[in-house]
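Text of data33.tsv, listed as TSV, C-alpha atoms:
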chain	number	residue	atom	x	y	z
K	1	MET	CA	0.00	0.00	0.00
K	2	ARG	CA	2.79	2.38	0.97
K	3	SER	CA	4.66	1.50	-2.21
K	4	ALA	CA	1.59	2.35	-4.27
K	5	VAL	CA	1.21	5.71	-2.49
K	6	LYS	CA	4.87	6.53	-3.06
K	7	ALA	CA	4.60	5.61	-6.71
K	8	LEU	CA	1.47	7.75	-7.10
K	9	SER	CA	3.19	10.68	-5.39
K	10	ALA	CA	6.20	10.34	-7.67
K	11	LEU	CA	3.97	10.32	-10.74
K	12	LEU	CA	2.12	13.38	-9.45
K	13	VAL	CA	5.39	15.28	-8.93
K	14	VAL	CA	6.60	14.33	-12.43
K	15	GLY	CA	3.24	15.33	-13.91
K	16	LEU	CA	3.30	18.72	-12.20
K	17	ALA	CA	6.86	19.30	-13.40
K	18	LEU	CA	5.90	18.47	-16.99
K	19	LEU	CA	2.83	20.69	-16.73
K	20	GLY	CA	4.98	23.58	-15.42
K	21	ALA	CA	7.49	23.13	-18.22
K	22	ALA	CA	4.72	23.16	-20.81
K	23	ALA	CA	3.23	26.30	-19.28
K	24	ARG	CA	6.60	28.05	-19.37
K	25	GLU	CA	7.10	26.97	-22.98
K	26	HIS	CA	3.74	28.44	-24.08
K	27	ARG	CA	3.44	31.41	-21.75
K	28	PRO	CA	2.90	34.81	-23.41
K	29	ALA	CA	5.98	37.02	-23.71
K	30	PRO	CA	6.17	39.55	-20.85
K	31	PHE	CA	5.34	43.16	-21.70
K	32	GLY	CA	4.50	42.18	-25.30
K	33	ASP	CA	8.14	41.34	-26.06
K	34	THR	CA	9.12	39.99	-29.45
K	35	VAL	CA	12.76	39.14	-30.18
K	36	ALA	CA	13.52	38.04	-33.74
K	37	ALA	CA	16.65	37.19	-35.69
K	38	SER	CA	17.30	39.14	-38.88
K	39	SER	CA	15.88	37.61	-42.06
K	40	ASP	CA	18.85	38.87	-44.09
K	41	PRO	CA	21.10	35.86	-44.94
K	42	ARG	CA	24.14	38.12	-44.69
K	43	ALA	CA	23.39	38.76	-41.02
K	44	ARG	CA	24.09	35.17	-39.94
K	45	ALA	CA	27.75	35.93	-39.32
K	46	VAL	CA	27.14	39.41	-37.88
K	47	ALA	CA	28.50	40.16	-34.41
K	48	ALA	CA	26.28	42.98	-33.13
K	49	ASP	CA	28.07	45.70	-31.20
K	50	ALA	CA	25.47	48.51	-31.05
K	51	LEU	CA	21.76	49.20	-30.81
K	52	ARG	CA	19.54	51.58	-32.83
K	53	THR	CA	15.86	52.25	-33.42
K	54	GLY	CA	14.49	50.64	-36.58
K	55	PRO	CA	11.98	52.01	-39.10
K	56	GLY	CA	9.20	49.80	-37.76
K	57	GLY	CA	9.43	50.92	-34.13
K	58	GLU	CA	11.75	48.11	-33.09
K	59	VAL	CA	15.17	48.20	-31.43
K	60	GLN	CA	17.82	46.68	-33.70
K	61	ALA	CA	21.14	45.17	-32.68
K	62	TYR	CA	23.60	45.72	-35.51
K	63	ASP	CA	27.24	45.70	-36.57
K	64	ARG	CA	28.66	49.24	-36.82
K	65	ARG	CA	31.09	48.31	-39.63
K	66	SER	CA	28.65	46.67	-42.01
K	67	GLY	CA	25.44	48.30	-40.78
K	68	LEU	CA	23.71	44.90	-40.87
K	69	ALA	CA	21.14	44.09	-38.18
K	70	ALA	CA	21.60	40.80	-36.32
K	71	TRP	CA	18.35	40.76	-34.36
K	72	SER	CA	15.50	43.04	-33.38
K	73	TYR	CA	13.29	43.60	-30.36
K	74	ARG	CA	9.84	45.15	-30.25
K	75	ARG	CA	7.00	45.65	-27.82
K	76	ALA	CA	3.49	45.41	-29.17
K	77	GLY	CA	1.70	48.74	-29.53
K	78	VAL	CA	4.49	50.96	-28.20
K	79	LEU	CA	7.51	52.73	-29.67
K	80	PRO	CA	11.00	53.46	-28.35
K	81	ARG	CA	11.43	57.20	-27.74
K	82	ARG	CA	15.20	56.98	-27.57
K	83	LEU	CA	18.15	54.79	-26.59
K	84	VAL	CA	20.59	55.95	-23.89
K	85	PRO	CA	24.00	54.19	-23.49
K	86	VAL	CA	24.82	53.74	-19.79
K	87	ALA	CA	28.06	51.91	-18.89
K	88	GLY	CA	27.80	48.93	-21.23
K	89	THR	CA	24.01	48.72	-21.03
K	90	THR	CA	21.69	50.57	-23.39
K	91	VAL	CA	18.46	51.77	-21.80
K	92	ALA	CA	15.49	51.97	-24.17
K	93	VAL	CA	12.89	54.54	-23.14
K	94	TRP	CA	9.43	53.53	-24.43
K	95	ASP	CA	6.48	55.84	-24.93
K	96	ASP	CA	4.37	53.97	-22.36
K	97	GLY	CA	6.85	54.66	-19.54
K	98	MET	CA	8.77	51.38	-19.69
K	99	LEU	CA	12.56	51.36	-19.36
K	100	THR	CA	14.39	48.33	-20.81
K	101	GLY	CA	18.06	47.50	-20.25
K	102	MET	CA	19.58	45.77	-23.29
K	103	LEU	CA	22.84	44.33	-24.61
K	104	PRO	CA	23.59	43.83	-28.33
K	105	GLU	CA	25.91	40.83	-27.92
K	106	PRO	CA	25.17	38.39	-26.50
K	107	ALA	CA	21.59	39.20	-27.40
K	108	ALA	CA	19.95	40.12	-24.12
K	109	VAL	CA	16.98	42.02	-22.77
K	110	ARG	CA	18.29	42.37	-19.24
K	111	TRP	CA	15.48	44.02	-17.31
K	112	HIS	CA	12.27	46.07	-17.43
K	113	ARG	CA	11.23	48.88	-15.11
K	114	PHE	CA	8.00	50.88	-15.39
K	115	LEU	CA	8.08	54.64	-14.83
K	116	PRO	CA	4.61	55.88	-13.77
K	117	GLY	CA	2.94	58.89	-15.35
K	118	VAL	CA	4.90	58.82	-18.63
K	119	GLN	CA	3.15	59.25	-21.98
K	120	ALA	CA	4.46	59.71	-25.50
K	121	ARG	CA	5.13	63.44	-25.10
K	122	THR	CA	6.04	63.58	-21.42
K	123	PRO	CA	9.37	65.46	-20.98
K	124	LEU	CA	11.81	62.94	-19.52
K	125	LEU	CA	15.48	63.19	-18.62
K	126	LEU	CA	17.68	60.07	-18.37
K	127	VAL	CA	21.40	60.55	-17.63
K	128	PRO	CA	24.20	58.28	-16.39
K	129	LEU	CA	25.79	59.29	-13.10
K	130	GLY	CA	29.52	59.05	-12.49
K	131	ALA	CA	30.99	56.14	-14.45
K	132	GLY	CA	27.50	54.97	-15.39
K	133	GLU	CA	27.00	52.32	-12.72
K	134	THR	CA	23.84	54.23	-11.83
K	135	PHE	CA	21.52	56.52	-13.74
K	136	LEU	CA	18.89	59.13	-12.96
K	137	VAL	CA	15.45	59.52	-14.52
K	138	MET	CA	13.39	62.66	-14.04
K	139	THR	CA	9.94	63.87	-15.06
K	140	SER	CA	8.01	66.83	-13.71
K	141	GLU	CA	6.42	64.53	-11.12
K	142	LEU	CA	9.36	62.52	-9.76
K	143	VAL	CA	13.10	61.87	-9.71
K	144	MET	CA	14.39	58.29	-9.48
K	145	THR	CA	17.84	56.70	-9.47
K	146	TYR	CA	18.58	53.13	-10.63
K	147	ASN	CA	21.39	50.58	-10.64
K	148	THR	CA	22.41	50.06	-14.26
K	149	GLY	CA	23.37	46.39	-13.97
K	150	ASP	CA	19.99	45.00	-12.94
K	151	GLY	CA	17.64	48.00	-13.14
K	152	THR	CA	16.87	47.97	-9.43
K	153	ILE	CA	15.56	51.21	-7.95
K	154	ARG	CA	17.92	53.04	-5.59
K	155	THR	CA	15.86	56.08	-4.63
K	156	SER	CA	12.66	57.91	-5.52
K	157	THR	CA	11.78	61.54	-4.73
K	158	LEU	CA	8.48	63.36	-5.18
K	159	PRO	CA	8.06	67.15	-5.09
K	160	PRO	CA	5.75	68.58	-2.38
K	161	PRO	CA	2.05	69.10	-3.22
K	162	GLY	CA	1.60	72.03	-5.58
K	163	CYS	CA	5.18	71.75	-6.86
K	164	SER	CA	6.82	70.13	-9.88
K	165	TYR	CA	10.27	69.70	-11.40
K	166	ALA	CA	11.31	71.70	-14.47
K	167	ALA	CA	12.22	68.86	-16.83
K	168	SER	CA	12.75	71.02	-19.91
K	169	GLY	CA	13.08	74.62	-21.07
K	170	LEU	CA	15.30	77.37	-19.67
K	171	ASP	CA	15.19	75.85	-16.18
K	172	ALA	CA	16.09	72.34	-17.42
K	173	PRO	CA	18.31	70.22	-15.16
K	174	VAL	CA	22.09	70.53	-15.26
K	175	HIS	CA	24.14	67.31	-15.30
K	176	LEU	CA	27.70	67.42	-13.95
K	177	GLY	CA	29.35	64.00	-13.57
K	178	GLY	CA	27.81	62.30	-10.57
K	179	TRP	CA	25.38	65.15	-9.87
K	180	VAL	CA	22.16	66.50	-11.37
K	181	VAL	CA	20.80	69.83	-10.20
K	182	VAL	CA	17.11	70.45	-10.88
K	183	GLN	CA	14.71	73.34	-10.46
K	184	ARG	CA	11.63	72.78	-8.29
K	185	VAL	CA	8.80	75.19	-9.08
K	186	CYS	CA	5.79	75.68	-6.80
K	187	ALA	CA	2.46	77.35	-7.49
K	188	ASP	CA	2.81	79.74	-4.53
K	189	GLY	CA	6.45	80.55	-5.33
K	190	ASP	CA	7.48	80.06	-1.71
K	191	GLY	CA	8.61	76.50	-2.28
K	192	ASP	CA	10.86	77.17	-5.29
K	193	ARG	CA	14.16	75.38	-4.77
K	194	LEU	CA	17.30	74.15	-6.47
K	195	GLU	CA	17.80	70.49	-5.55
K	196	GLY	CA	20.98	68.44	-5.96
K	197	PHE	CA	20.75	64.71	-6.71
K	198	SER	CA	23.42	62.00	-6.60
K	199	PRO	CA	23.01	58.19	-6.96
K	200	ASP	CA	21.75	58.29	-3.36
K	201	GLY	CA	18.88	60.62	-4.21
K	202	ARG	CA	18.36	64.21	-3.14
K	203	ARG	CA	21.30	65.46	-1.08
K	204	TRP	CA	20.62	69.18	-0.76
K	205	GLN	CA	18.19	71.95	-1.59
K	206	ARG	CA	18.36	75.73	-1.48
K	207	PRO	CA	16.24	78.71	-2.60
K	208	GLY	CA	16.71	79.59	-6.27
K	209	THR	CA	14.77	80.44	-9.39
K	210	ALA	CA	16.95	79.41	-12.38
K	211	LEU	CA	20.34	77.93	-13.18
K	212	ARG	CA	22.84	77.35	-15.93
K	213	LEU	CA	26.45	76.27	-16.37
K	214	ALA	CA	29.05	78.88	-15.59
K	215	ALA	CA	32.83	79.04	-15.16
K	216	ALA	CA	33.89	79.35	-11.55
K	217	GLY	CA	37.28	80.34	-10.19
K	218	ASP	CA	38.25	76.76	-9.35
K	219	GLY	CA	36.45	74.91	-12.13
K	220	VAL	CA	32.93	74.63	-13.51
K	221	GLY	CA	30.07	75.40	-11.19
K	222	LEU	CA	26.40	76.21	-11.38
K	223	LEU	CA	25.09	79.70	-11.75
K	224	ALA	CA	22.00	80.36	-9.66
K	225	VAL	CA	20.03	83.38	-10.83
K	226	PRO	CA	17.92	84.77	-8.00
K	227	ALA	CA	16.27	88.15	-8.07
K	228	ARG	CA	19.42	90.15	-7.33
K	229	GLU	CA	22.64	88.77	-8.81
K	230	PRO	CA	24.17	85.48	-10.05
K	231	ASP	CA	25.75	83.13	-7.54
K	232	PRO	CA	28.14	80.33	-8.68
K	233	LEU	CA	27.34	77.10	-6.84
K	234	ASP	CA	29.20	73.92	-5.99
K	235	PRO	CA	27.00	71.14	-7.50
K	236	ALA	CA	27.98	68.68	-4.75
K	237	THR	CA	26.79	70.85	-1.86
K	238	GLY	CA	24.56	73.61	-3.22
K	239	HIS	CA	26.76	76.17	-1.46
K	240	SER	CA	28.13	79.13	-3.35
K	241	VAL	CA	31.70	78.81	-4.59
K	242	ALA	CA	32.51	82.08	-2.84
K	243	GLU	CA	31.36	80.64	0.50
K	244	ARG	CA	33.45	77.52	-0.04
K	245	VAL	CA	36.56	79.54	-0.88
K	246	CYS	CA	36.10	81.73	2.17
K	247	THR	CA	35.62	78.67	4.39
K	248	ALA	CA	38.76	77.02	2.99
K	249	ARG	CA	40.79	80.12	3.93

Using C-alpha cells, write down the structure that the file contains.
Amino acid sequence: MRSAVKALSALLVVGLALLGAAAREHRPAPFGDTVAASSDPRARAVAADALRTGPGGEVQAYDRRSGLAAWSYRRAGVLPRRLVPVAGTTVAVWDDGMLTGMLPEPAAVRWHRFLPGVQARTPLLLVPLGAGETFLVMTSELVMTYNTGDGTIRTSTLPPPGCSYAASGLDAPVHLGGWVVVQRVCADGDGDRLEGFSPDGRRWQRPGTALRLAAAGDGVGLLAVPAREPDPLDPATGHSVAERVCTAR
C-alpha cells in the first residue's frame, strides 16, 4: 500500500513538473516582447556591437562596420522614444513609460522597469551618473535613481504638493558628472528650490529660481540666478563657490 502511495506521489510530482514546463514553454511574452533574428542571410555571421531604433518601431542590434542588423526587439503597440547608453548597457525609453536595459551581444533584454505617469510626449530626462553604474530619470512629477546592472531602484523623490520639477526649457536640469541639479517650481512661489541629486537621491536643496552652467574660479560650477545677482554654486553641496573659498581660507 505504501509502495503504491509513493509511486502515485512520484507520478504526481513528475506530472506537475511536466505541466509547469509546458506552461513556461507556451506562456505569453512579458510586456508584449518579441525578439527576432534578422531575415537577411548576410546577417548570420554578424556580431552585433550597437543598438539603434528601426523604421518599424523596433530596437535593432547591428554591426557598426557593415550596418547589418543581427536581431530586433519590439514591444506590441508601443515605440522606443530613444536609446541611452549607460556603462555597457543601453536603456530603451518607451512611450508607455517602460525602461528596458539591453545588450547587443550576447543578445539580451536584461530588465524592465516601469516609470509611472509617462506618456508619449512627457518630458523625460535620463542621464548616467559618475561612471554609469547608476543613472537618474526625471519627469516633472518625480526623480528616481537606478542601478544600471539589474535595473533595481535606488531612490525615488516626489516634489511637495503644488510643486513640480522643471524637466525642460530654460530651467532644465544641469548634469555634472555624478550630480544632477534640478529646479523645483511651486504654485505659490514660496517652495521654489534648487535640488541636488546624486546616486543616493536628493542630497541638498536651497532657494533659487533658475540655473545654468558657468565658469567658476576653481572649475565649472552652477550659476544660480535669484532676483538680485548670479551666484556660482558647488553642485555637490549647493553652497556658493565664494562661500566655499572663504571657508577654505

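In this structure, atom CA of K:Leu79 sits 19.7 Å away from atom CA of K:Ala107.
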
Proximity of stretch 115-147 of chain K to stretch 184-194 of chain K: per-residue shortest pair, 12 Å limit, only C-alpha atoms, as a Markdown table:
| residue | atom | partner | partner_atom | distance |
| --- | --- | --- | --- | --- |
| K:Met138 | CA | K:Arg184 | CA | 11.8 |
| K:Thr139 | CA | K:Arg184 | CA | 11.3 |
| K:Ser140 | CA | K:Arg184 | CA | 8.8 |
| K:Glu141 | CA | K:Arg184 | CA | 10.2 |
| K:Leu142 | CA | K:Arg184 | CA | 10.6 |
| K:Val143 | CA | K:Arg184 | CA | 11.1 |

Looking at K:Pro85, K:Pro173, K:Pro207, K:Gly178, which one is nearest to K:Leu103, with distances taken over all atoms listed in the file?
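For K:Leu103, the nearest of the given residues is K:Pro85.
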
At most 12 Å from (20.3, 43.7, -25.8), file frame, all atoms listed in the file: which residues, as a count of residues only?
36

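Of note, atom CA of K:Thr134 and atom CA of K:Tyr146 are spaced 5.5 Å apart.
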
Leaving out K:Ala120 and any residue of its chain fewer than 5 positions from it, which residues lie within 10 Å of it when counting all atoms listed in the file, given as an MDAnalysis selection string?
chainID K and resid 78:81 94:97

So how many Å separate atom CA of K:Val137 and atom CA of K:Leu124, to one decimal?
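We find that atom CA of K:Val137 and atom CA of K:Leu124 lie 7.1 Å from each other.
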
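Near K:Arg113, within 7 Å and counting all atoms listed in the file, sit Met98, Leu99, Thr100 and Gly151 of chain K, not including residues fewer than 4 positions from it in the same chain.
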
With C-alpha atoms retained, could you export that selection as a PDB file, in the coordinates of the input?
ATOM      1  CA  MET K  98       8.770  51.380 -19.690  1.00  0.00           C
ATOM      2  CA  LEU K  99      12.560  51.360 -19.360  1.00  0.00           C
ATOM      3  CA  THR K 100      14.390  48.330 -20.810  1.00  0.00           C
ATOM      4  CA  GLY K 151      17.640  48.000 -13.140  1.00  0.00           C
TER       5      GLY K 151
END
